[in-house]
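Structure file input_25.txt with compact mmCIF, C-alpha atoms:
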# COMPACT_ATOMS: atom_id res chain seq x y z
CA MET A 20 156.91 23.56 123.06
CA SER A 21 154.42 22.65 125.77
CA ALA A 22 151.82 25.04 124.35
CA ILE A 23 152.21 23.47 120.90
CA GLY A 24 151.94 19.90 122.17
CA LEU A 25 149.10 20.49 124.60
CA GLY A 26 147.10 22.61 122.16
CA ALA A 27 147.54 20.13 119.32
CA THR A 28 146.59 17.17 121.49
CA MET A 29 143.51 18.77 123.00
CA GLY A 30 142.31 20.21 119.68
CA THR A 31 142.83 16.92 117.88
CA LEU A 32 140.63 15.19 120.45
CA ALA A 33 137.98 17.83 121.17
CA LEU A 34 137.05 19.36 117.84
CA PRO A 35 136.68 16.18 115.75
CA TRP A 36 134.45 14.86 118.56
CA LEU A 37 132.43 18.07 118.30
CA SER A 38 132.21 17.60 114.53
CA ASP A 39 130.62 14.20 115.12
CA LEU A 40 127.88 15.97 117.08
CA ILE A 41 127.21 19.13 115.07
CA GLY A 42 128.83 18.47 111.70
CA ARG A 43 132.17 18.90 109.95
CA LYS A 44 131.49 22.24 108.27
CA PRO A 45 130.52 24.28 111.35
CA VAL A 46 133.56 23.01 113.24
CA MET A 47 135.85 23.78 110.30
CA VAL A 48 134.47 27.32 109.94
CA PHE A 49 134.78 27.87 113.70
CA SER A 50 138.31 26.43 113.78
CA THR A 51 139.59 28.57 110.92
CA VAL A 52 138.22 31.70 112.59
CA GLY A 53 139.69 30.63 115.93
CA ALA A 54 143.11 29.93 114.42
CA LEU A 55 143.05 33.21 112.46
CA ILE A 56 142.15 35.30 115.50
CA SER A 57 144.77 33.49 117.58
CA LEU A 58 147.44 34.10 114.91
CA VAL A 59 146.59 37.79 114.58
CA LEU A 60 146.73 38.24 118.36
CA LEU A 61 149.98 36.25 118.54
CA ALA A 62 151.53 38.52 115.88
CA ARG A 63 150.63 41.57 117.97
CA THR A 64 151.64 40.24 121.40
CA GLY A 65 154.79 41.40 123.10
CA ALA A 66 157.02 39.54 125.54
CA HIS A 67 154.23 38.44 127.90
CA VAL A 68 154.88 34.73 128.49
CA PRO A 69 151.47 33.57 129.80
CA LEU A 70 149.68 35.32 126.93
CA LEU A 71 152.15 33.94 124.36
CA PHE A 72 151.64 30.46 125.80
CA SER A 73 147.85 30.80 125.64
CA LEU A 74 147.79 32.12 122.09
CA LEU A 75 150.25 29.51 120.82
CA PHE A 76 148.10 26.86 122.53
CA MET A 77 144.99 28.19 120.76
CA VAL A 78 146.68 28.36 117.33
CA HIS A 79 147.62 24.69 117.56
CA PHE A 80 144.34 23.70 119.20
CA PHE A 81 142.40 24.95 116.17
CA ASN A 82 144.95 24.23 113.44
CA ASN A 83 145.65 20.60 114.33
CA ALA A 84 141.93 19.93 114.59
CA LEU A 85 141.58 21.27 111.05
CA ILE A 86 144.35 18.99 109.85
CA THR A 87 142.74 16.01 111.56
CA LEU A 88 139.29 16.76 110.12
CA THR A 89 140.63 17.36 106.61
CA VAL A 90 142.87 14.31 106.37
CA GLY A 91 140.45 11.99 108.18
CA PRO A 92 136.68 12.33 108.04
CA LEU A 93 136.40 14.95 105.31
CA CYS A 94 138.54 12.96 102.85
CA SER A 95 137.07 9.56 103.66
CA GLU A 96 133.45 10.76 103.61
CA SER A 97 133.85 12.70 100.35
CA VAL A 98 134.94 9.88 98.06
CA PRO A 99 133.90 6.28 97.31
CA ALA A 100 135.32 3.67 99.69
CA GLY A 101 137.92 2.51 97.17
CA LEU A 102 139.46 5.99 96.99
CA MET A 103 139.66 6.83 100.71
CA ALA A 104 143.39 6.16 101.06
CA THR A 105 144.19 7.97 97.82
CA ALA A 106 142.16 11.02 98.83
CA SER A 107 143.91 11.24 102.20
CA GLY A 108 147.28 10.68 100.54
CA VAL A 109 146.73 13.51 98.06
CA VAL A 110 145.69 15.92 100.82
CA ILE A 111 148.69 14.95 102.95
CA ALA A 112 151.09 15.23 99.98
CA VAL A 113 149.85 18.71 99.04
CA GLY A 114 150.06 19.82 102.69
CA GLU A 115 153.60 18.49 103.06
CA LEU A 116 154.80 20.01 99.78
CA PHE A 117 153.40 23.45 100.48
CA GLY A 118 153.67 23.48 104.28
CA GLY A 119 157.12 21.89 104.42
CA GLY A 120 158.60 23.08 101.12
CA VAL A 121 157.07 26.24 99.70
CA ALA A 122 155.95 28.03 102.89
CA PRO A 123 159.41 28.10 104.56
CA VAL A 124 160.90 29.63 101.40
CA LEU A 125 158.17 32.29 101.30
CA VAL A 126 158.52 33.04 105.01
CA GLY A 127 162.29 33.34 104.58
CA GLN A 128 161.79 35.85 101.78
CA VAL A 129 159.32 37.85 103.87
CA ALA A 130 161.77 37.88 106.81
CA GLN A 131 164.68 39.02 104.61
CA ARG A 132 162.85 41.67 102.62
CA ILE A 133 160.23 43.04 105.01
CA GLY A 134 161.42 41.93 108.46
CA ILE A 135 161.08 38.94 110.72
CA GLU A 136 158.33 40.64 112.71
CA HIS A 137 156.01 40.22 109.69
CA ILE A 138 156.36 36.46 109.14
CA LEU A 139 153.12 35.56 110.92
CA TRP A 140 151.12 37.47 108.33
CA LEU A 141 151.64 34.69 105.76
CA PRO A 142 149.87 32.06 107.92
CA CYS A 143 147.19 34.66 108.73
CA ILE A 144 146.54 35.18 105.02
CA MET A 145 146.49 31.43 104.38
CA MET A 146 144.10 30.87 107.29
CA GLY A 147 141.80 33.52 105.79
CA PHE A 148 141.94 31.59 102.52
CA GLY A 149 141.19 28.40 104.47
CA TRP A 150 138.19 30.09 106.04
CA LEU A 151 136.80 30.87 102.58
CA LEU A 152 137.36 27.26 101.54
CA SER A 153 135.64 25.98 104.69
CA LEU A 154 132.60 28.11 103.84
CA LEU A 155 132.44 26.35 100.45
CA THR A 156 132.80 22.87 101.96
CA ARG A 157 129.80 20.56 101.80
CA GLU A 158 128.77 18.83 105.00
CA THR A 159 130.05 15.25 104.92
CA ARG A 160 128.96 13.94 108.32
CA PRO A 161 126.61 11.00 107.82
CA ARG A 162 123.14 11.69 109.14
CA ARG A 163 122.12 9.75 112.20
CA ARG A 164 118.89 7.88 111.91
CA ASP A 165 116.34 8.62 114.56
CA LEU A 166 115.95 5.29 116.34
CA ARG A 167 113.39 6.22 119.00
CA PRO A 168 110.93 3.38 119.65
CA ASP A 169 107.90 5.58 118.94
CA ARG A 170 109.08 6.41 115.39
CA ARG A 171 108.00 4.23 112.50
CA GLU A 172 109.68 4.19 109.14

Starting from the coordinates I provided, produce the structure as structure tokens.
Amino acid sequence: MSAIGLGATMGTLALPWLSDLIGRKPVMVFSTVGALISLVLLARTGAHVPLLFSLLFMVHFFNNALITLTVGPLCSESVPAGLMATASGVVIAVGELFGGGVAPVLVGQVAQRIGIEHILWLPCIMMGFGWLLSLLTRETRPRRRDLRPDRRE
């Protein structure tokens, strides 16, 4: 539980800040790859507590940053001002329906039919799909104007 909480908190603070500096898309691509690698390694790790802690930390570090970027800046910067709340609401609703409703049913079926040791492959597949979507995302970060005194507009 500590790994989940610490990873989520640090990722939610660090990676959106980084996206303000370098852009939303590069951080989203990096985060999906980081979460995918962390999930694959977590699925293959045995009963080694420090390694399990570290990998679970990294999964939530990257994944919660993706949630924060998607629901916040990406939604609000992609639509007109009057639709910001609606855009965020739609993204949250879809995430809750699939993440809280459909995914547990699918994972339960995988555990029953194939074995519980294979349940992490579903989030790995979905993170791969998320990586493809992040590659197709347009950069939404507003450009900063160069305000140096020697520049004239």

- Which is closest to Met29 in chain A among A:Cys143, A:Leu102, A:Leu116, A:Val78, if we use all atoms listed in the file?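 Checking each candidate against Met29 in chain A, we get A:Val78 as the closest.
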
Can you write out as CSV which residues of range 60-155 of chain A fall within 6 Å of range 22-26 of chain A, alongside each residue's closest atom pair and its distance in Å to one decimal, counting only C-alpha atoms and ordering rows by chain and ascending residue number?
residue,atom,partner,partner_atom,distance
A:Phe72,CA,A:Ala22,CA,5.6
A:Leu75,CA,A:Ala22,CA,5.9
A:Phe76,CA,A:Gly26,CA,4.4
A:His79,CA,A:Gly26,CA,5.1
A:Phe80,CA,A:Gly26,CA,4.2

- Compare A:Gly91, A:Gly119, A:Gly65, A:Gly30 by their minimum atom-to-atom distance to Thr159 in chain A, counting only C-alpha atoms, and give me the closest one.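 Result for the nearest residue to Thr159 in chain A: A:Gly91.
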
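Atom pair CA of Leu71 in chain A / CA of Ser21 in chain A has a distance of 11.6 Å (rounded to one decimal).
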
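Using all atoms listed in the file, the smallest distance between any of A:Leu40, A:Leu55, A:Ala66, A:Leu93 and Arg157 in chain A comes from A:Leu93.
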
- Task: Could you please determine the separation between CA of Val59 in chain A and CA of Leu152 in chain A in Å, to one decimal place?
- Result: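 So the two atoms, CA of Val59 in chain A and CA of Leu152 in chain A, lie 19.1 Å apart.
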
- Task: Determine the nearest neighbour of Leu151 in chain A from the options A:Ser95, A:Ala33, A:Leu139, A:Lys44, counting all atoms listed in the file.
- Result: A:Lys44
